Protein chains: 2
Amino acid sequence: MKLAEAKQQFISSWGAFGTHWGINRTMAQIHALLLISPDPMTQDDMMDELNISRGNTNMNIRELINWGLVDRVLLTGERKEFFTAEKDIWKVVKQIVKERKKRELEPMLQLLDRLEEVEGDKRDKEVKTFVDTVSSIKKLGKQADKTLDVMIRAEENWFVGNLLKLFK
Amino acid sequence: MKLAEAKQQFISSWGAFGTHWGINRTMAQIHALLLISPDPMTQDDMMDELNISRGNTNMNIRELINWGLVDRVLLTGERKEFFTAEKDIWKVVKQIVKERKKRELEPMLQLLDRLEEVEGDKRDKEVKTFVDTVSSIKKLGKQADKTLDVMIRAEENWFVGNLLKLFK
DNA sequence: TTGAATTTTCAAAAAATATTGAAAATATAT
DNA sequence: ATATATTTTCAATATTTTTTGAAAATTCAA
């Protein structure tokens, strides 16, 4: 397979992959493009490569910056802004986990705390099932939260050490 | 908070949560409803509770069955079909991980295998960056795949034992 | 300052996704 | 077998999400 074709496939699969994870196609594609680009790129470079509009490019770059996955780079003598993506995949994964934990898991756990305190008699099976379900989700969620904290703090690829420990 | 309100909040948050994870709102809401329901429910029960159409209900129940999260239950003397959700949250999580691994992670790893074999000279920095990126994603992905296998096979809540081991 | 280059915003349009509801298919009781 | 209840399908519709592109805002050099 030629490089050009391989790049196309990588970008388009990364985009499709992203949509299964609540990330929009373009955002994932821009990220993919920057991951495989040896040098920082401008908005215009990305527009050309991906055939997307200026507005779309701009909004998604900004979103990637919010996620901490892309950085603005200033090149001396260049008027335009350049962008680059973190290439260390372990750092990328940690950053995504960190953000999703903050945006999704933590608010969910807070909600479950409130819902657990529903009024009513636990001898009522409706109440019991509700409270039991909420409690068990909360319990698992809190444990997952802690495990992810450990993962986020890990300097090197956590899966390696993790596997060794688990097989011991 | 009253039970009725708590149920509503649980169902609606679970639905919103689902949409961040590539699951459609209704499917997540039906799942939530079944999780907190002490008894099996019929399609009509769900239509009434969630105010959704028969077709929508039917399609999403079937999808939940495909995911292995919901089961058809036959009650003696009842003409209608009843449905119930697995209540053990650890089993639910394992099932979701298992399915997503199969549907998303594994095909991605297969693609990366093919892309890694791109033609070209690694002294060309375009080629080098591409191959390096693909290889490092593949490496991490394969490790994650193995770790998830261990998790799926774990009988009891993996996070607990996992944390203990990690803190040792 | 002024003006050209560049970035950002956002209303409108397009595309993608989800939902409806009625007809068709299937299952079950008599 | 026939009638009735129930489930399934799917074209049409509605909703949500994404994308566009042109105008506004900003930046920066002269």
# chains A, B, ... in the order shown; residues from 1 in each chain; ligands from 1

$ residues_around --residues "B:Glu156" --least-positions-apart "4" --cutoff "10 Å" --atoms "only C-alpha atoms (C1' of nucleotides)" --output "NGL selection string"
:B and (90-91 or 151-152 or 160-161)

$ write_last_selection --atoms "N, CA, C and O atoms" --output "mmCIF file, in the first residue's frame"
data_model
loop_
_atom_site.group_PDB
_atom_site.id
_atom_site.type_symbol
_atom_site.label_atom_id
_atom_site.label_comp_id
_atom_site.auth_asym_id
_atom_site.auth_seq_id
_atom_site.Cartn_x
_atom_site.Cartn_y
_atom_site.Cartn_z
ATOM 1 N N TRP B 90 -21.614 -5.374 37.505
ATOM 2 C CA TRP B 90 -20.316 -5.858 37.051
ATOM 3 C C TRP B 90 -20.463 -6.690 35.772
ATOM 4 O O TRP B 90 -19.697 -6.531 34.820
ATOM 5 N N LYS B 91 -21.499 -7.529 35.743
ATOM 6 C CA LYS B 91 -21.750 -8.321 34.531
ATOM 7 C C LYS B 91 -22.118 -7.412 33.355
ATOM 8 O O LYS B 91 -21.716 -7.659 32.219
ATOM 9 N N MET B 151 -9.932 -8.544 32.317
ATOM 10 C CA MET B 151 -11.073 -7.945 33.000
ATOM 11 C C MET B 151 -12.365 -8.717 32.714
ATOM 12 O O MET B 151 -13.138 -9.015 33.617
ATOM 13 N N ILE B 152 -12.559 -9.065 31.447
ATOM 14 C CA ILE B 152 -13.786 -9.763 31.058
ATOM 15 C C ILE B 152 -13.876 -11.128 31.730
ATOM 16 O O ILE B 152 -14.957 -11.585 32.093
ATOM 17 N N VAL B 160 -11.617 -3.599 42.222
ATOM 18 C CA VAL B 160 -11.211 -3.736 43.619
ATOM 19 C C VAL B 160 -9.848 -4.404 43.707
ATOM 20 O O VAL B 160 -8.887 -3.824 44.217
ATOM 21 N N GLY B 161 -9.747 -5.614 43.173
ATOM 22 C CA GLY B 161 -8.493 -6.349 43.234
ATOM 23 C C GLY B 161 -7.391 -5.600 42.516
ATOM 24 O O GLY B 161 -6.240 -5.547 42.959
#

$ residues_around --residues "B:Gly22" --least-positions-apart "3" --cutoff "6 Å" --atoms "only C-alpha atoms (C1' of nucleotides)" --output "ChimeraX atom specification"
/A:20-22 /B:19

$ write_last_selection --atoms "N, CA and C atoms" --output "PDB file, in the first residue's frame"
ATOM      1  N   HIS A  20     -18.068   6.408  17.144  1.00  0.00           N
ATOM      2  CA  HIS A  20     -18.571   5.431  18.119  1.00  0.00           C
ATOM      3  C   HIS A  20     -18.298   5.853  19.550  1.00  0.00           C
ATOM      4  N   TRP A  21     -17.546   6.912  19.700  1.00  0.00           N
ATOM      5  CA  TRP A  21     -17.148   7.321  21.045  1.00  0.00           C
ATOM      6  C   TRP A  21     -17.586   8.742  21.350  1.00  0.00           C
ATOM      7  N   GLY A  22     -18.647   9.174  20.652  1.00  0.00           N
ATOM      8  CA  GLY A  22     -19.191  10.494  20.952  1.00  0.00           C
ATOM      9  C   GLY A  22     -18.329  11.660  20.485  1.00  0.00           C
TER      10      GLY A  22
ATOM     11  N   THR B  19     -25.574   8.889  25.106  1.00  0.00           N
ATOM     12  CA  THR B  19     -25.266   9.576  23.853  1.00  0.00           C
ATOM     13  C   THR B  19     -23.788   9.985  23.769  1.00  0.00           C
TER      14      THR B  19
END

$ interface_residues --of "chain A" --to "chain C" --cutoff "12 Å" --atoms "only C-alpha atoms (C1' of nucleotides)" --output "CSV table (one decimal) with N, CA and C atoms, in the first residue's frame"
chain,number,residue,atom,x,y,z
A,19,THR,N,-16.7,8.4,15.9
A,19,THR,CA,-18.1,8.6,16.0
A,19,THR,C,-18.8,7.5,17.0
A,24,ASN,N,-17.0,13.9,17.1
A,24,ASN,CA,-17.5,14.0,15.7
A,24,ASN,C,-16.4,13.7,14.7
A,25,ARG,N,-16.9,13.3,13.6
A,25,ARG,CA,-16.0,12.7,12.5
A,25,ARG,C,-14.8,13.7,12.2
A,42,THR,N,-1.1,24.3,9.3
A,42,THR,CA,-2.0,25.5,9.4
A,42,THR,C,-3.4,25.0,9.1
A,43,GLN,N,-4.3,25.9,9.4
A,43,GLN,CA,-5.7,25.6,9.1
A,43,GLN,C,-5.9,25.3,7.6
A,44,ASP,N,-5.3,26.1,6.8
A,44,ASP,CA,-5.4,25.9,5.4
A,44,ASP,C,-4.9,24.6,4.9
A,54,ARG,N,-13.5,26.3,6.2
A,54,ARG,CA,-12.7,27.0,7.2
A,54,ARG,C,-13.4,27.0,8.6
A,55,GLY,N,-14.7,27.3,8.6
A,55,GLY,CA,-15.4,27.3,9.9
A,55,GLY,C,-15.3,26.0,10.6
A,56,ASN,N,-15.6,24.9,9.9
A,56,ASN,CA,-15.5,23.6,10.4
A,56,ASN,C,-14.1,23.3,11.0
A,57,THR,N,-13.1,23.6,10.2
A,57,THR,CA,-11.7,23.4,10.6
A,57,THR,C,-11.5,24.1,11.9
A,58,ASN,N,-11.8,25.4,11.9
A,58,ASN,CA,-11.5,26.3,13.0
A,58,ASN,C,-12.2,25.8,14.3
A,59,MET,N,-13.4,25.5,14.2
A,59,MET,CA,-14.2,25.0,15.4
A,59,MET,C,-13.6,23.7,16.0
A,61,ILE,N,-10.6,22.5,15.6
A,61,ILE,CA,-9.2,22.6,16.1
A,61,ILE,C,-9.3,23.2,17.5
A,62,ARG,N,-10.2,24.1,17.7
A,62,ARG,CA,-10.4,24.7,19.0
A,62,ARG,C,-10.9,23.7,20.0
A,78,GLU,N,6.5,33.5,10.6
A,78,GLU,CA,5.3,33.0,10.0
A,78,GLU,C,4.1,33.8,10.6
A,79,ARG,N,3.3,34.3,9.7
A,79,ARG,CA,2.1,35.1,10.1
A,79,ARG,C,1.0,34.1,10.6
A,80,LYS,N,0.8,33.0,9.9
A,80,LYS,CA,-0.2,32.1,10.3
A,80,LYS,C,0.1,31.3,11.5
A,81,GLU,N,-1.0,30.8,12.1
A,81,GLU,CA,-0.8,29.9,13.3
A,81,GLU,C,-0.6,28.5,12.8
A,82,PHE,N,0.2,27.7,13.5
A,82,PHE,CA,0.4,26.3,13.2
A,82,PHE,C,-0.1,25.5,14.4

$ atom_distance --atom1 "atom CA of A:Leu3" --atom2 "atom CA of B:Asp132"
13.0 Å

$ interface_residues --of "chain B" --to "chain A" --cutoff "7 Å" --atoms "only C-alpha atoms" --output "PyMOL selection string"
chain B and resi 1-3+6+19-22+35-38+89+115+118-119+125-127+129-130+133+136-137+143-144+147+159-160+163+165

$ select_by_dssp --residues "stretch 43-164 of chain B" --states "strand (DSSP E or B)" --output "PyMOL selection string"
chain B and resi 70-73+82-85

$ residues_around --residues "B:Ile30" --least-positions-apart "6" --cutoff "10 Å" --atoms "only C-alpha atoms (C1' of nucleotides)" --output "list in words"
Ile11, Trp14, Gly15, Gln43, Met46, Met47, Glu49, Leu50, Thr57, Asn60, Ile61, Leu64, Val70 and Ala85 of chain B

$ closest_atom_pairs --of "chain D" --to "chain B" --cutoff "12 Å" --atoms "only C-alpha atoms (C1' of nucleotides)" --output "JSON lines"
{"residue": "D:DT4", "atom": "C1'", "partner": "B:Arg79", "partner_atom": "CA", "distance": 11.8}
{"residue": "D:DA5", "atom": "C1'", "partner": "B:Arg79", "partner_atom": "CA", "distance": 8.0}
{"residue": "D:DT6", "atom": "C1'", "partner": "B:Lys80", "partner_atom": "CA", "distance": 6.7}
{"residue": "D:DT7", "atom": "C1'", "partner": "B:Asn58", "partner_atom": "CA", "distance": 8.0}
{"residue": "D:DT8", "atom": "C1'", "partner": "B:Asn58", "partner_atom": "CA", "distance": 7.8}
{"residue": "D:DT9", "atom": "C1'", "partner": "B:Gly55", "partner_atom": "CA", "distance": 8.5}
{"residue": "D:DC10", "atom": "C1'", "partner": "B:Gly55", "partner_atom": "CA", "distance": 9.7}
{"residue": "D:DT16", "atom": "C1'", "partner": "B:Arg25", "partner_atom": "CA", "distance": 11.6}

$ write_last_selection --atoms "N, CA and C atoms (P, O5', C5', C4', C3', O3' and C1' of nucleotides)" --output "tab-separated table (two decimals), in the first residue's frame"
chain	number	residue	atom	x	y	z
D	4	DT	P	-62.41	-11.25	15.78
D	4	DT	O5'	-61.09	-11.25	16.65
D	4	DT	C5'	-61.01	-12.09	17.81
D	4	DT	C4'	-59.62	-11.93	18.37
D	4	DT	C3'	-59.17	-10.48	18.51
D	4	DT	O3'	-58.72	-10.29	19.83
D	4	DT	C1'	-57.51	-11.77	17.43
D	5	DA	P	-58.26	-8.92	20.42
D	5	DA	O5'	-56.76	-9.31	20.82
D	5	DA	C5'	-56.52	-10.51	21.55
D	5	DA	C4'	-55.02	-10.77	21.54
D	5	DA	C3'	-54.19	-9.55	21.93
D	5	DA	O3'	-53.24	-10.02	22.88
D	5	DA	C1'	-53.48	-10.36	19.81
D	6	DT	P	-52.24	-9.05	23.61
D	6	DT	O5'	-51.00	-9.12	22.63
D	6	DT	C5'	-50.29	-10.35	22.50
D	6	DT	C4'	-49.21	-10.17	21.46
D	6	DT	C3'	-48.30	-8.96	21.69
D	6	DT	O3'	-47.05	-9.48	22.09
D	6	DT	C1'	-48.84	-9.27	19.39
D	7	DT	P	-45.75	-8.57	22.20
D	7	DT	O5'	-45.15	-8.72	20.74
D	7	DT	C5'	-44.75	-10.00	20.28
D	7	DT	C4'	-44.15	-9.86	18.90
D	7	DT	C3'	-42.92	-8.94	18.84
D	7	DT	O3'	-41.91	-9.69	18.19
D	7	DT	C1'	-44.50	-8.32	17.19
D	8	DT	P	-40.44	-9.10	17.95
D	8	DT	O5'	-40.54	-8.54	16.47
D	8	DT	C5'	-40.82	-9.47	15.42
D	8	DT	C4'	-40.92	-8.71	14.12
D	8	DT	C3'	-39.73	-7.80	13.83
D	8	DT	O3'	-39.15	-8.28	12.63
D	8	DT	C1'	-41.80	-6.69	13.41
D	9	DT	P	-37.84	-7.57	11.99
D	9	DT	O5'	-38.46	-6.64	10.86
D	9	DT	C5'	-39.38	-7.20	9.93
D	9	DT	C4'	-39.94	-6.09	9.08
D	9	DT	C3'	-38.88	-5.13	8.53
D	9	DT	O3'	-39.08	-5.08	7.13
D	9	DT	C1'	-40.67	-3.92	9.52
D	10	DC	P	-37.98	-4.58	6.11
D	10	DC	O5'	-38.49	-3.09	5.75
D	10	DC	C5'	-39.84	-2.87	5.36
D	10	DC	C4'	-40.09	-1.38	5.38
D	10	DC	C3'	-38.84	-0.55	5.06
D	10	DC	O3'	-39.23	0.54	4.25
D	10	DC	C1'	-39.74	0.15	7.08
D	16	DT	P	-34.56	17.26	19.16
D	16	DT	O5'	-33.13	16.86	18.57
D	16	DT	C5'	-32.81	15.48	18.44
D	16	DT	C4'	-31.42	15.38	17.83
D	16	DT	C3'	-30.43	16.38	18.42
D	16	DT	O3'	-29.31	15.60	18.78
D	16	DT	C1'	-30.43	16.51	16.05

$ select_by_dssp --residues "stretch 84-167 of chain A" --states "helix (DSSP H, G or I)" --output "VMD selection string"
chain A and resid 89 to 116 125 to 153 158 to 167

$ atom_distance --atom1 "atom CA of B:Asp149" --atom2 "atom CA of B:Met27"
25.8 Å
